[in-house]
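*Asks:* Below is the file data30.cif, which contains mmCIF, C-alpha atoms.
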data_work
#
loop_
_atom_site.label_atom_id
_atom_site.label_comp_id
_atom_site.auth_asym_id
_atom_site.auth_seq_id
_atom_site.Cartn_x
_atom_site.Cartn_y
_atom_site.Cartn_z
CA MET W 103 70.44 -16.59 92.59
CA ASP W 104 73.89 -16.37 91.06
CA VAL W 105 76.65 -17.63 93.36
CA LEU W 106 78.71 -14.45 92.97
CA ASP W 107 75.68 -12.30 93.81
CA ALA W 108 74.93 -14.56 96.78
CA VAL W 109 78.39 -13.78 98.11
CA LYS W 110 78.40 -10.07 97.18
CA GLU W 111 75.00 -9.33 98.68
CA ARG W 112 75.19 -11.55 101.75
CA ARG W 113 74.98 -9.41 104.87
CA SER W 114 74.54 -10.18 108.55
CA PHE W 115 70.91 -9.27 109.18
CA THR W 116 69.87 -8.07 112.60
CA PHE W 117 66.12 -7.63 112.17
CA PHE W 118 63.98 -10.59 111.21
CA GLU W 119 60.25 -11.06 110.71
CA SER W 120 59.62 -12.62 114.08
CA ASP W 121 56.25 -14.17 113.22
CA ARG W 122 57.54 -16.37 110.40
CA THR W 123 58.70 -19.95 110.67
CA ILE W 124 60.81 -21.87 108.17
CA PRO W 125 58.88 -24.75 106.57
CA ASP W 126 60.31 -28.15 107.56
CA ASN W 127 61.20 -29.12 104.01
CA ARG W 128 63.10 -25.88 103.47
CA LEU W 129 65.01 -26.36 106.70
CA ARG W 130 65.93 -29.89 105.62
CA GLU W 131 67.10 -28.61 102.25
CA LEU W 132 69.16 -25.87 103.90
CA ILE W 133 71.03 -28.29 106.14
CA GLU W 134 71.31 -31.09 103.58
CA LEU W 135 72.88 -28.85 100.94
CA ALA W 136 75.19 -27.10 103.43
CA ASN W 137 76.30 -30.56 104.50
CA LEU W 138 77.93 -31.08 101.08
CA ALA W 139 80.79 -28.89 102.34
CA PRO W 140 84.19 -30.56 102.21
CA SER W 141 86.00 -31.49 105.42
CA SER W 142 89.39 -32.81 106.55
CA PHE W 143 89.56 -36.45 105.41
CA ASN W 144 85.79 -36.10 104.86
CA LEU W 145 85.28 -36.53 108.62
CA GLN W 146 82.42 -33.98 108.91
CA PRO W 147 82.93 -33.23 112.60
CA TRP W 148 79.83 -31.11 113.01
CA ARG W 149 76.33 -31.38 114.44
CA VAL W 150 73.44 -28.94 114.47
CA VAL W 151 70.94 -28.12 117.20
CA VAL W 152 67.99 -26.28 115.66
CA VAL W 153 66.37 -23.91 118.15
CA GLN W 154 63.01 -22.65 116.96
CA GLU W 155 60.49 -22.98 119.79
CA PRO W 156 59.88 -19.49 121.22
CA GLU W 157 60.63 -20.58 124.77
CA ARG W 158 63.95 -22.20 123.76
CA LYS W 159 64.98 -19.15 121.73
CA ARG W 160 64.29 -17.02 124.82
CA VAL W 161 66.59 -19.26 126.85
CA LEU W 162 69.29 -19.15 124.17
CA ARG W 163 69.07 -15.35 124.07
CA THR W 164 69.98 -15.12 127.75
CA TYR W 165 73.33 -16.78 126.96
CA ALA W 166 73.92 -14.66 123.86
CA LEU W 167 74.39 -11.16 125.28
CA ASP W 168 70.61 -10.68 125.22
CA GLN W 169 70.72 -10.07 121.45
CA SER W 170 67.14 -9.65 120.20
CA LYS W 171 67.86 -11.34 116.88
CA VAL W 172 68.26 -14.64 118.71
CA GLU W 173 64.60 -14.47 119.64
CA GLU W 174 63.34 -12.80 116.48
CA ALA W 175 64.98 -15.03 113.87
CA SER W 176 62.81 -17.96 112.75
CA ALA W 177 65.47 -20.38 113.94
CA VAL W 178 68.88 -20.22 115.53
CA LEU W 179 71.24 -23.05 114.66
CA ILE W 180 73.75 -24.01 117.32
CA ILE W 181 76.74 -25.21 115.31
CA VAL W 182 78.48 -27.93 117.30
CA ALA W 183 82.04 -29.01 116.47
CA ASP W 184 83.23 -32.43 117.58
CA PRO W 185 86.94 -32.83 118.37
CA ASP W 186 86.58 -36.63 118.37
CA VAL W 187 88.34 -37.51 115.11
CA GLU W 188 87.27 -41.16 115.41
CA VAL W 189 83.48 -40.67 115.39
CA ASN W 190 83.01 -40.81 111.62
CA LEU W 191 86.35 -42.39 110.71
CA ASN W 192 85.04 -45.88 109.96
CA SER W 193 82.05 -44.68 107.92
CA MET W 194 84.43 -42.50 105.95
CA LEU W 195 86.94 -45.31 105.33
CA ASN W 196 84.15 -47.72 104.35
CA SER W 197 82.82 -45.20 101.87
CA TRP W 198 86.26 -44.47 100.39
CA GLU W 199 86.95 -48.18 100.02
CA GLU W 200 83.57 -48.95 98.43
CA LEU W 201 83.82 -46.06 96.00
CA GLY W 202 87.37 -46.89 94.94
CA TYR W 203 89.16 -43.93 96.52
CA ILE W 204 91.43 -46.28 98.46
CA LYS W 205 92.35 -49.96 98.68
CA LYS W 206 91.83 -51.90 101.90
CA PRO W 207 95.49 -51.80 103.06
CA SER W 208 95.41 -47.99 103.07
CA ARG W 209 92.88 -47.92 105.91
CA ALA W 210 95.56 -48.31 108.57
CA THR W 211 97.79 -45.68 106.94
CA ILE W 212 94.99 -43.12 106.82
CA THR W 213 93.90 -43.91 110.37
CA ASP W 214 97.47 -43.33 111.54
CA MET W 215 97.70 -40.11 109.55
CA VAL W 216 94.50 -38.73 111.09
CA ARG W 217 95.65 -39.63 114.59
CA ARG W 218 99.07 -38.07 114.11
CA ARG W 219 97.77 -34.88 112.50
CA TYR W 220 95.24 -34.02 115.20
CA GLY W 221 97.04 -35.06 118.37
CA SER W 222 95.48 -36.91 121.25
CA GLU W 223 92.17 -36.59 123.06
CA GLY W 224 91.66 -33.14 124.53
CA SER W 225 94.46 -31.54 122.47
CA CYS W 226 94.16 -28.07 121.01
CA GLU W 227 94.90 -29.57 117.56
CA ARG W 228 91.69 -31.59 117.76
CA LYS W 229 89.69 -28.52 118.73
CA ILE W 230 91.14 -26.59 115.80
CA PHE W 231 90.27 -29.53 113.52
CA ALA W 232 86.68 -29.51 114.79
CA ALA W 233 86.18 -25.74 114.68
CA LYS W 234 87.60 -25.16 111.21
CA ASN W 235 85.57 -27.94 109.65
CA ALA W 236 82.36 -26.87 111.36
CA ALA W 237 83.04 -23.38 109.99
CA LEU W 238 83.25 -24.75 106.44
CA PHE W 239 79.79 -26.23 106.99
CA ALA W 240 78.56 -22.94 108.51
CA MET W 241 79.72 -20.77 105.60
CA SER W 242 78.21 -23.21 103.15
CA LEU W 243 74.94 -22.93 105.06
CA MET W 244 74.94 -19.13 105.01
CA LEU W 245 75.26 -19.10 101.22
CA VAL W 246 72.74 -21.90 100.67
CA ALA W 247 70.31 -19.89 102.81
CA ARG W 248 70.43 -17.05 100.29
CA GLY W 249 69.55 -19.45 97.49
CA LEU W 250 66.49 -20.48 99.51
CA GLY W 251 65.30 -16.92 100.19
CA LEU W 252 66.60 -16.81 103.73
CA GLU W 253 69.10 -14.51 105.43
CA THR W 254 71.47 -15.23 108.30
CA HIS W 255 73.57 -13.72 111.04
CA ALA W 256 76.54 -15.64 112.41
CA ILE W 257 76.97 -14.92 116.12
CA ASP W 258 80.12 -15.35 118.17
CA GLY W 259 79.07 -13.27 121.17
CA PHE W 260 77.76 -15.86 123.63
CA ASP W 261 78.66 -17.54 126.88
CA GLU W 262 79.72 -20.95 125.63
CA GLY W 263 80.03 -22.99 128.85
CA PRO W 264 76.62 -22.30 130.45
CA MET W 265 74.92 -22.34 127.03
CA LYS W 266 76.23 -25.84 126.35
CA LYS W 267 74.81 -27.02 129.68
CA ALA W 268 71.39 -25.50 128.93
CA PHE W 269 71.21 -27.31 125.60
CA ALA W 270 72.66 -30.63 126.83
CA ILE W 271 75.77 -30.26 124.68
CA PRO W 272 78.54 -32.46 126.10
CA ASP W 273 81.49 -30.67 127.66
CA ASP W 274 84.02 -31.97 125.13
CA LYS W 275 82.18 -30.46 122.14
CA LEU W 276 82.73 -26.87 120.96
CA VAL W 277 80.28 -24.29 119.76
CA PRO W 278 82.21 -22.22 117.20
CA MET W 279 79.17 -20.09 116.40
CA LEU W 280 75.41 -19.69 116.36
CA ILE W 281 73.63 -18.86 113.11
CA ALA W 282 70.36 -16.93 113.22
CA VAL W 283 68.25 -17.77 110.15
CA GLY W 284 65.08 -16.11 108.97
CA TYR W 285 63.31 -13.62 106.76
CA PRO W 286 64.68 -10.05 106.96
CA ARG W 287 62.28 -7.31 108.04
CA GLN W 288 61.57 -5.16 105.01
CA ASP W 289 61.40 -1.96 107.06
CA ALA W 290 64.76 -2.45 108.76
CA LEU W 291 67.65 -0.23 107.86
CA LEU W 292 70.73 -2.11 106.70
CA LEU W 293 73.87 -0.15 107.54
CA PRO W 294 76.63 -0.01 104.91
CA ARG W 295 78.95 -3.00 104.89
CA ALA W 296 81.74 -2.65 107.46
CA PHE W 297 85.38 -2.43 106.47
CA ARG W 298 87.25 -5.02 104.48
CA ARG W 299 91.02 -4.88 104.01
CA SER W 300 92.36 -4.30 100.53
CA LEU W 301 94.18 -7.24 98.97
CA GLU W 302 97.53 -5.53 99.43
CA ASP W 303 97.01 -5.83 103.18
CA PHE W 304 96.56 -9.58 103.39
CA VAL W 305 97.75 -11.30 100.22
CA SER W 306 101.34 -12.08 99.34
CA PHE W 307 102.96 -14.15 96.63
CA GLU W 308 105.16 -17.22 96.96
CA SER W 309 106.11 -16.35 100.53
CA TYR W 310 104.41 -14.78 103.56
CA ASP W 311 106.38 -11.57 103.45
CA ALA W 312 107.15 -11.36 99.77
CA GLY W 313 105.69 -10.06 96.53
CA LYS W 314 102.53 -8.02 96.40
CA ILE W 315 99.49 -9.00 94.40
CA PRO W 316 99.65 -7.64 90.83
CA GLY W 317 97.36 -4.63 90.34
CA MET A 239 76.02 -20.29 88.10
CA ASP A 240 73.20 -20.72 90.58
CA VAL A 241 74.37 -20.75 94.20
CA LEU A 242 72.56 -24.01 94.97
CA ASP A 243 74.14 -25.68 91.94
CA ALA A 244 77.52 -24.28 92.96
CA VAL A 245 77.13 -26.07 96.29
CA LYS A 246 75.58 -29.27 94.89
CA GLU A 247 78.17 -29.76 92.17
CA ARG A 248 81.27 -28.60 94.03
CA ARG A 249 83.71 -31.47 94.31
CA SER A 250 87.32 -31.74 95.42
CA PHE A 251 89.19 -32.06 92.13
CA THR A 252 92.42 -34.00 92.03
CA PHE A 253 93.49 -33.57 88.41
CA PHE A 254 94.08 -30.10 87.04
CA GLU A 255 95.25 -28.79 83.67
CA SER A 256 98.82 -28.19 84.73
CA ASP A 257 99.73 -25.84 81.88
CA ARG A 258 97.12 -23.20 82.69
CA THR A 259 97.57 -20.15 84.87
CA ILE A 260 94.86 -18.03 86.45
CA PRO A 261 94.77 -14.49 84.99
CA ASP A 262 95.71 -11.87 87.61
CA ASN A 263 92.38 -10.09 87.45
CA ARG A 264 90.50 -13.35 88.02
CA LEU A 265 92.70 -14.21 90.98
CA ARG A 266 92.04 -10.76 92.46
CA GLU A 267 88.32 -11.19 91.97
CA LEU A 268 88.42 -14.65 93.57
CA ILE A 269 90.11 -13.40 96.73
CA GLU A 270 88.26 -10.09 96.91
CA LEU A 271 84.82 -11.71 96.75
CA ALA A 272 85.75 -14.51 99.15
CA ASN A 273 86.93 -11.81 101.53
CA LEU A 274 83.32 -10.64 101.95
CA ALA A 275 82.85 -13.62 104.29
CA PRO A 276 81.66 -12.67 107.77
CA SER A 277 83.95 -13.08 110.77
CA SER A 278 83.83 -12.83 114.54
CA PHE A 279 83.45 -9.13 115.38
CA ASN A 280 84.44 -8.56 111.72
CA LEU A 281 88.07 -9.15 112.69
CA GLN A 282 89.01 -11.06 109.50
CA PRO A 283 91.95 -12.94 111.02
CA TRP A 284 93.18 -14.46 107.78
CA ARG A 285 95.94 -13.96 105.24
CA VAL A 286 96.68 -15.68 101.95
CA VAL A 287 99.98 -16.76 100.43
CA VAL A 288 99.45 -17.47 96.73
CA VAL A 289 101.87 -20.09 95.46
CA GLN A 290 101.94 -20.28 91.69
CA GLU A 291 105.56 -20.31 90.51
CA PRO A 292 106.41 -23.88 89.44
CA GLU A 293 109.46 -24.05 91.66
CA ARG A 294 107.55 -22.89 94.74
CA LYS A 295 104.71 -25.33 94.07
CA ARG A 296 107.33 -28.09 93.90
CA VAL A 297 108.63 -27.03 97.31
CA LEU A 298 105.12 -26.89 98.76
CA ARG A 299 104.38 -30.37 97.40
CA THR A 300 107.25 -31.83 99.42
CA TYR A 301 105.51 -30.70 102.62
CA ALA A 302 102.08 -31.89 101.47
CA LEU A 303 102.49 -35.67 101.37
CA ASP A 304 103.88 -35.38 97.83
CA GLN A 305 100.36 -34.87 96.44
CA SER A 306 100.64 -34.22 92.70
CA LYS A 307 97.70 -31.79 92.68
CA VAL A 308 99.80 -29.31 94.65
CA GLU A 309 102.10 -29.04 91.65
CA GLU A 310 99.46 -29.43 88.93
CA ALA A 311 96.91 -26.89 90.14
CA SER A 312 97.36 -23.40 88.68
CA ALA A 313 97.81 -22.00 92.17
CA VAL A 314 97.80 -23.26 95.71
CA LEU A 315 96.60 -20.83 98.35
CA ILE A 316 98.14 -21.19 101.77
CA ILE A 317 95.35 -20.05 104.09
CA VAL A 318 96.94 -18.43 107.12
CA ALA A 319 94.95 -17.86 110.33
CA ASP A 320 96.11 -15.21 112.76
CA PRO A 321 95.38 -15.78 116.48
CA ASP A 322 96.26 -12.15 117.26
CA VAL A 323 92.80 -10.72 117.96
CA GLU A 324 94.22 -7.19 118.18
CA VAL A 325 95.64 -6.90 114.65
CA ASN A 326 92.51 -5.58 112.95
CA LEU A 327 90.64 -4.48 116.07
CA ASN A 328 91.18 -0.74 115.66
CA SER A 329 90.36 -0.69 111.95
CA MET A 330 87.20 -2.61 112.76
CA LEU A 331 86.15 -0.29 115.60
CA ASN A 332 86.89 2.79 113.46
CA SER A 333 84.74 1.40 110.68
CA TRP A 334 81.87 0.49 113.03
CA GLU A 335 81.97 3.93 114.59
CA GLU A 336 82.08 5.77 111.25
CA LEU A 337 79.25 3.71 109.80
CA GLY A 338 77.02 4.14 112.83
CA TYR A 339 77.13 0.56 114.12
CA ILE A 340 78.38 1.75 117.50
CA LYS A 341 78.91 4.95 119.48
CA LYS A 342 82.38 5.93 120.67
CA PRO A 343 81.90 4.80 124.32
CA SER A 344 81.20 1.24 123.15
CA ARG A 345 84.74 0.85 121.86
CA ALA A 346 86.08 -0.09 125.29
CA THR A 347 83.21 -2.51 125.94
CA ILE A 348 83.77 -4.33 122.66
CA THR A 349 87.54 -4.41 123.14
CA ASP A 350 86.99 -5.99 126.57
CA MET A 351 84.50 -8.46 125.14
CA VAL A 352 86.92 -9.58 122.42
CA ARG A 353 89.74 -9.99 124.93
CA ARG A 354 87.62 -11.98 127.35
CA ARG A 355 86.08 -14.24 124.70
CA TYR A 356 89.36 -15.34 123.12
CA GLY A 357 91.66 -15.65 126.13
CA SER A 358 95.24 -14.47 126.28
CA GLU A 359 98.14 -14.65 123.86
CA GLY A 360 99.01 -18.20 122.91
CA SER A 361 95.71 -19.65 124.21
CA CYS A 362 93.86 -22.41 122.42
CA GLU A 363 90.77 -20.15 122.32
CA ARG A 364 92.65 -17.70 120.13
CA LYS A 365 93.74 -20.46 117.79
CA ILE A 366 90.16 -21.68 117.50
CA PHE A 367 89.06 -18.10 116.80
CA ALA A 368 91.64 -17.81 114.03
CA ALA A 369 91.03 -21.19 112.44
CA LYS A 370 87.25 -21.02 112.35
CA ASN A 371 87.22 -17.55 110.81
CA ALA A 372 89.85 -18.45 108.23
CA ALA A 373 87.68 -21.44 107.33
CA LEU A 374 84.68 -19.15 106.70
CA PHE A 375 86.89 -17.27 104.23
CA ALA A 376 88.10 -20.56 102.71
CA MET A 377 84.62 -21.96 102.10
CA SER A 378 83.53 -18.66 100.62
CA LEU A 379 86.52 -18.86 98.28
CA MET A 380 85.74 -22.40 97.15
CA LEU A 381 82.23 -21.39 96.11
CA VAL A 382 83.30 -18.11 94.50
CA ALA A 383 85.82 -20.15 92.48
CA ARG A 384 82.98 -22.11 90.89
CA GLY A 385 81.30 -18.88 89.84
CA LEU A 386 84.55 -17.90 88.11
CA GLY A 387 84.95 -21.21 86.23
CA LEU A 388 87.57 -22.59 88.60
CA GLU A 389 87.61 -25.72 90.75
CA THR A 390 89.34 -26.35 94.06
CA HIS A 391 90.62 -28.96 96.45
CA ALA A 392 91.00 -28.12 100.14
CA ILE A 393 93.99 -29.97 101.58
CA ASP A 394 94.61 -30.78 105.23
CA GLY A 395 97.32 -33.41 104.72
CA PHE A 396 100.54 -31.45 105.15
CA ASP A 397 103.38 -31.00 107.57
CA GLU A 398 102.50 -27.65 109.08
CA GLY A 399 105.64 -26.74 111.06
CA PRO A 400 108.33 -27.18 108.38
CA MET A 401 106.01 -25.83 105.69
CA LYS A 402 105.53 -22.59 107.64
CA LYS A 403 109.30 -22.21 107.88
CA ALA A 404 109.75 -22.74 104.13
CA PHE A 405 107.20 -20.02 103.35
CA ALA A 406 108.34 -17.56 106.04
CA ILE A 407 105.07 -17.88 107.95
CA PRO A 408 105.63 -16.78 111.56
CA ASP A 409 105.46 -19.48 114.21
CA ASP A 410 102.44 -18.00 115.96
CA LYS A 411 100.23 -18.20 112.84
CA LEU A 412 98.25 -21.30 111.88
CA VAL A 413 97.69 -22.89 108.51
CA PRO A 414 94.23 -24.46 108.75
CA MET A 415 94.34 -25.63 105.13
CA LEU A 416 95.77 -25.28 101.66
CA ILE A 417 93.45 -24.77 98.71
CA ALA A 418 94.51 -25.97 95.27
CA VAL A 419 92.79 -23.88 92.58
CA GLY A 420 92.71 -24.47 88.86
CA TYR A 421 90.99 -25.82 85.80
CA PRO A 422 89.91 -29.48 86.03
CA ARG A 423 91.31 -31.90 83.49
CA GLN A 424 88.50 -32.93 81.18
CA ASP A 425 89.77 -36.48 80.79
CA ALA A 426 90.02 -37.15 84.51
CA LEU A 427 87.60 -39.55 86.13
CA LEU A 428 85.67 -38.03 89.02
CA LEU A 429 84.75 -40.73 91.54
CA PRO A 430 81.25 -40.64 93.06
CA ARG A 431 80.87 -38.28 96.00
CA ALA A 432 81.95 -39.89 99.26
CA PHE A 433 79.52 -40.51 102.11
CA ARG A 434 77.48 -37.87 103.83
CA ARG A 435 75.50 -38.57 106.98
CA SER A 436 71.73 -38.36 106.82
CA LEU A 437 70.16 -35.50 108.75
CA GLU A 438 68.87 -37.88 111.41
CA ASP A 439 72.48 -38.59 112.34
CA PHE A 440 73.58 -35.06 113.10
CA VAL A 441 70.60 -32.74 113.55
CA SER A 442 68.48 -32.43 116.67
CA PHE A 443 65.81 -30.02 117.80
CA GLU A 444 65.80 -27.67 120.77
CA SER A 445 68.45 -29.73 122.60
CA TYR A 446 71.53 -31.75 121.65
CA ASP A 447 70.02 -35.11 122.43
CA ALA A 448 66.38 -34.38 121.79
CA GLY A 449 63.82 -34.38 118.98
CA LYS A 450 64.59 -35.62 115.52
CA ILE A 451 64.26 -33.52 112.41
CA PRO A 452 60.73 -33.78 110.90
CA GLY A 453 60.63 -36.02 107.83
#
For the structure just supplied, provide its representation as structure tokens.
*Replies:*
Amino acid sequence: MDVLDAVKERRSFTFFESDRTIPDNRLRELIELANLAPSSFNLQPWRVVVVQEPERKRVLRTYALDQSKVEEASAVLIIVADPDVEVNLNSMLNSWEELGYIKKPSRATITDMVRRRYGSEGSCERKIFAAKNAALFAMSLMLVARGLGLETHAIDGFDEGPMKKAFAIPDDKLVPMLIAVGYPRQDALLLPRAFRRSLEDFVSFESYDAGKIPG
Amino acid sequence: MDVLDAVKERRSFTFFESDRTIPDNRLRELIELANLAPSSFNLQPWRVVVVQEPERKRVLRTYALDQSKVEEASAVLIIVADPDVEVNLNSMLNSWEELGYIKKPSRATITDMVRRRYGSEGSCERKIFAAKNAALFAMSLMLVARGLGLETHAIDGFDEGPMKKAFAIPDDKLVPMLIAVGYPRQDALLLPRAFRRSLEDFVSFESYDAGKIPG
């Protein structure tokens, strides 16, 4: 599937074939390819909890506004964002040093830069860091899914606190979204795509409040 | 270009052909297609400031750790995330009502839901909402770029406060990242891709600390 078509025809599907499962090797491929997404300082602050057992999907549904797609999709991925900027820092620095991106003395500089940019433990800056990077991974996954014959629905309507408890997700982690993944029901009606702003409404040139985009 | 190849071969390019500009119609297409990304309640809390005049790129570079790619890329997009959950709420509800997604009485329920989920003005929840959705748009844009023969580099190393001032971006908005966009220099060496974790290190099944991904 062409990448531009993958983007143009991606829709949030609500009705999935509830009796189908995703083969293990396809699920691996989905996550492995999505995981090539870029991230701040290559820190990859995301994890994935795959929920595909019927009983676990039923539990997840109770925290997600009782949306039926949570139970009917083949799998629901809980996207977890980790505000701990240090978790992958050493692996990242080792890799950059080995591959020739940086020289050894730069390790301290980069470590300092990361710490300064994202504030201290528990700060909102760290949560923003975690959430935005996990979202890069999530969008990558939604487009990879299309290339593998799967469709998705990103979900932000859920009760984060209790849901984290039920799935043993530590308090300090965030769940920026769930992604339902599966095979769309052929008989389901897909409503027309909801509104998008025109470029004139959200793009400016050289400055936030300046020049309009050329027509 | 195949969507899976677009993901597999996407890299963060550092060296761009500095004498090339992106034709206006291609830039429009890039942003318009990226803008089909999904968002929480379809609220699309992002804006884009396109910086492509040489003098403005030079200014932007001074706030971005003096990285030469900021000046050498054809354009640098300042991705702006808007924590104001109300900005597009009415347009969204109108669209959902017109298209048959919801009935009129649900408008109040959804409005309440949005307000409860993202806290009050100035809250960290609203910033997370803005940043994660803007990142969905950003990742979409980086993959669309490849389909249009362009390459990108997402940048998180910049001095956000002063940079916002210089580009007239209001204080309450966030800049989750810059994206350099352009044509890669053919003579530039691309280092091997930096480390990615193996699935075993970040994927679990049914619960955060449970079952490993099948091999």
*Asks:* Measuring atom to atom with all atoms listed in the file, identify which of W:Ile204, W:Val246, W:Glu173, W:Leu291 is nearest to Asp104 of chain W.
*Replies:* W:Val246
*Asks:* Which value, in Å to one decimal, gives the distance between atom CA of Arg218 of chain W and atom CA of Val308 of chain A?
*Replies:*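 Atom CA of Val308 of chain A lies 21.4 Å from atom CA of Arg218 of chain W.
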*Asks:* Determine the residue set returned by the PyMOL selection byres ((chain A and resi 280-295) around 8) for the present structure, and present it as a ChimeraX atom specification.
*Replies:* /W:296,304-310 /A:276-279,296-299,308-309,312-323,325-327,330,368,371-372,375
*Asks:* Taking 2 positions as the minimum chain separation for residues in the same chain, which residues sit within 12 Å of Ser436 of chain A when counting all atoms listed in the file? Answer as a short mmCIF file (atom, residue, chain, number, x, y, z; two decimals) with C-alpha atoms, in the coordinates of the input.
*Replies:*
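What landed in result_1.cif:
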data_model
loop_
_atom_site.label_atom_id
_atom_site.label_comp_id
_atom_site.auth_asym_id
_atom_site.auth_seq_id
_atom_site.Cartn_x
_atom_site.Cartn_y
_atom_site.Cartn_z
CA ARG W 130 65.93 -29.89 105.62
CA GLU W 131 67.10 -28.61 102.25
CA ILE W 133 71.03 -28.29 106.14
CA GLU W 134 71.31 -31.09 103.58
CA LEU W 135 72.88 -28.85 100.94
CA ASN W 137 76.30 -30.56 104.50
CA LEU W 138 77.93 -31.08 101.08
CA GLN W 146 82.42 -33.98 108.91
CA ARG W 149 76.33 -31.38 114.44
CA PHE A 433 79.52 -40.51 102.11
CA ARG A 434 77.48 -37.87 103.83
CA GLU A 438 68.87 -37.88 111.41
CA ASP A 439 72.48 -38.59 112.34
CA PHE A 440 73.58 -35.06 113.10
CA VAL A 441 70.60 -32.74 113.55
CA SER A 442 68.48 -32.43 116.67
CA LYS A 450 64.59 -35.62 115.52
CA ILE A 451 64.26 -33.52 112.41
CA GLY A 453 60.63 -36.02 107.83
#
*Asks:* Taking the file as shown, what set of residues would the PyMOL selection byres ((chain A and resi 412-426) around 9) give back, as a PyMOL selection string?
*Replies:* (chain W and resi 142+230-231+234) or (chain A and resi 251-256+258-260+307-321+365+368-370+372-373+376+380+383+387-396+398+402+407-411+427-428)
*Asks:* Do a neighbour search on Leu429 of chain A at 9 Å with only C-alpha atoms, toss out local chain neighbours closer than 5 positions, and write the hits as a VMD selection string.
*Replies:* chain W and resid 201 to 203
*Asks:* Just give me the gap between atom CA of Ser193 of chain W and atom CA of Met215 of chain W in Å, one decimal is fine.
*Replies:*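 Computed distance, atom CA of Ser193 of chain W to atom CA of Met215 of chain W, equals 16.4 Å.
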*Asks:* Restricting the calculation to all atoms listed in the file: of A:Cys362, A:Ala302, A:Leu268, A:Ala346, which residue gets closest to chain W?
*Replies:*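 Of A:Cys362, A:Ala302, A:Leu268, A:Ala346, the one nearest chain W is A:Cys362, counting all atoms listed in the file.
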*Asks:* Which one of A:Thr300, A:Asp243, A:Ala272, A:Asp262 sits closest to Ala404 of chain A if you count all atoms listed in the file?
*Replies:*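 Result for the nearest residue to Ala404 of chain A: A:Thr300.
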*Asks:* Using Å and a single decimal, report how far atom CA of Leu238 of chain W sits from atom CA of Ala139 of chain W.
*Replies:*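 Calculated distance between atom CA of Ala139 of chain W and atom CA of Leu238 of chain W is 6.3 Å.
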*Asks:* Using 5 Å of padding on each side, determine the axis-aligned box around all atoms of segment 132-141 of chain W present in the file and give its centre and edge lengths in Å to one decimal, as AutoDock Vina command-line options.
*Replies:*
--center_x 77.6 --center_y -28.7 --center_z 103.5 --size_x 26.8 --size_y 15.6 --size_z 15.2
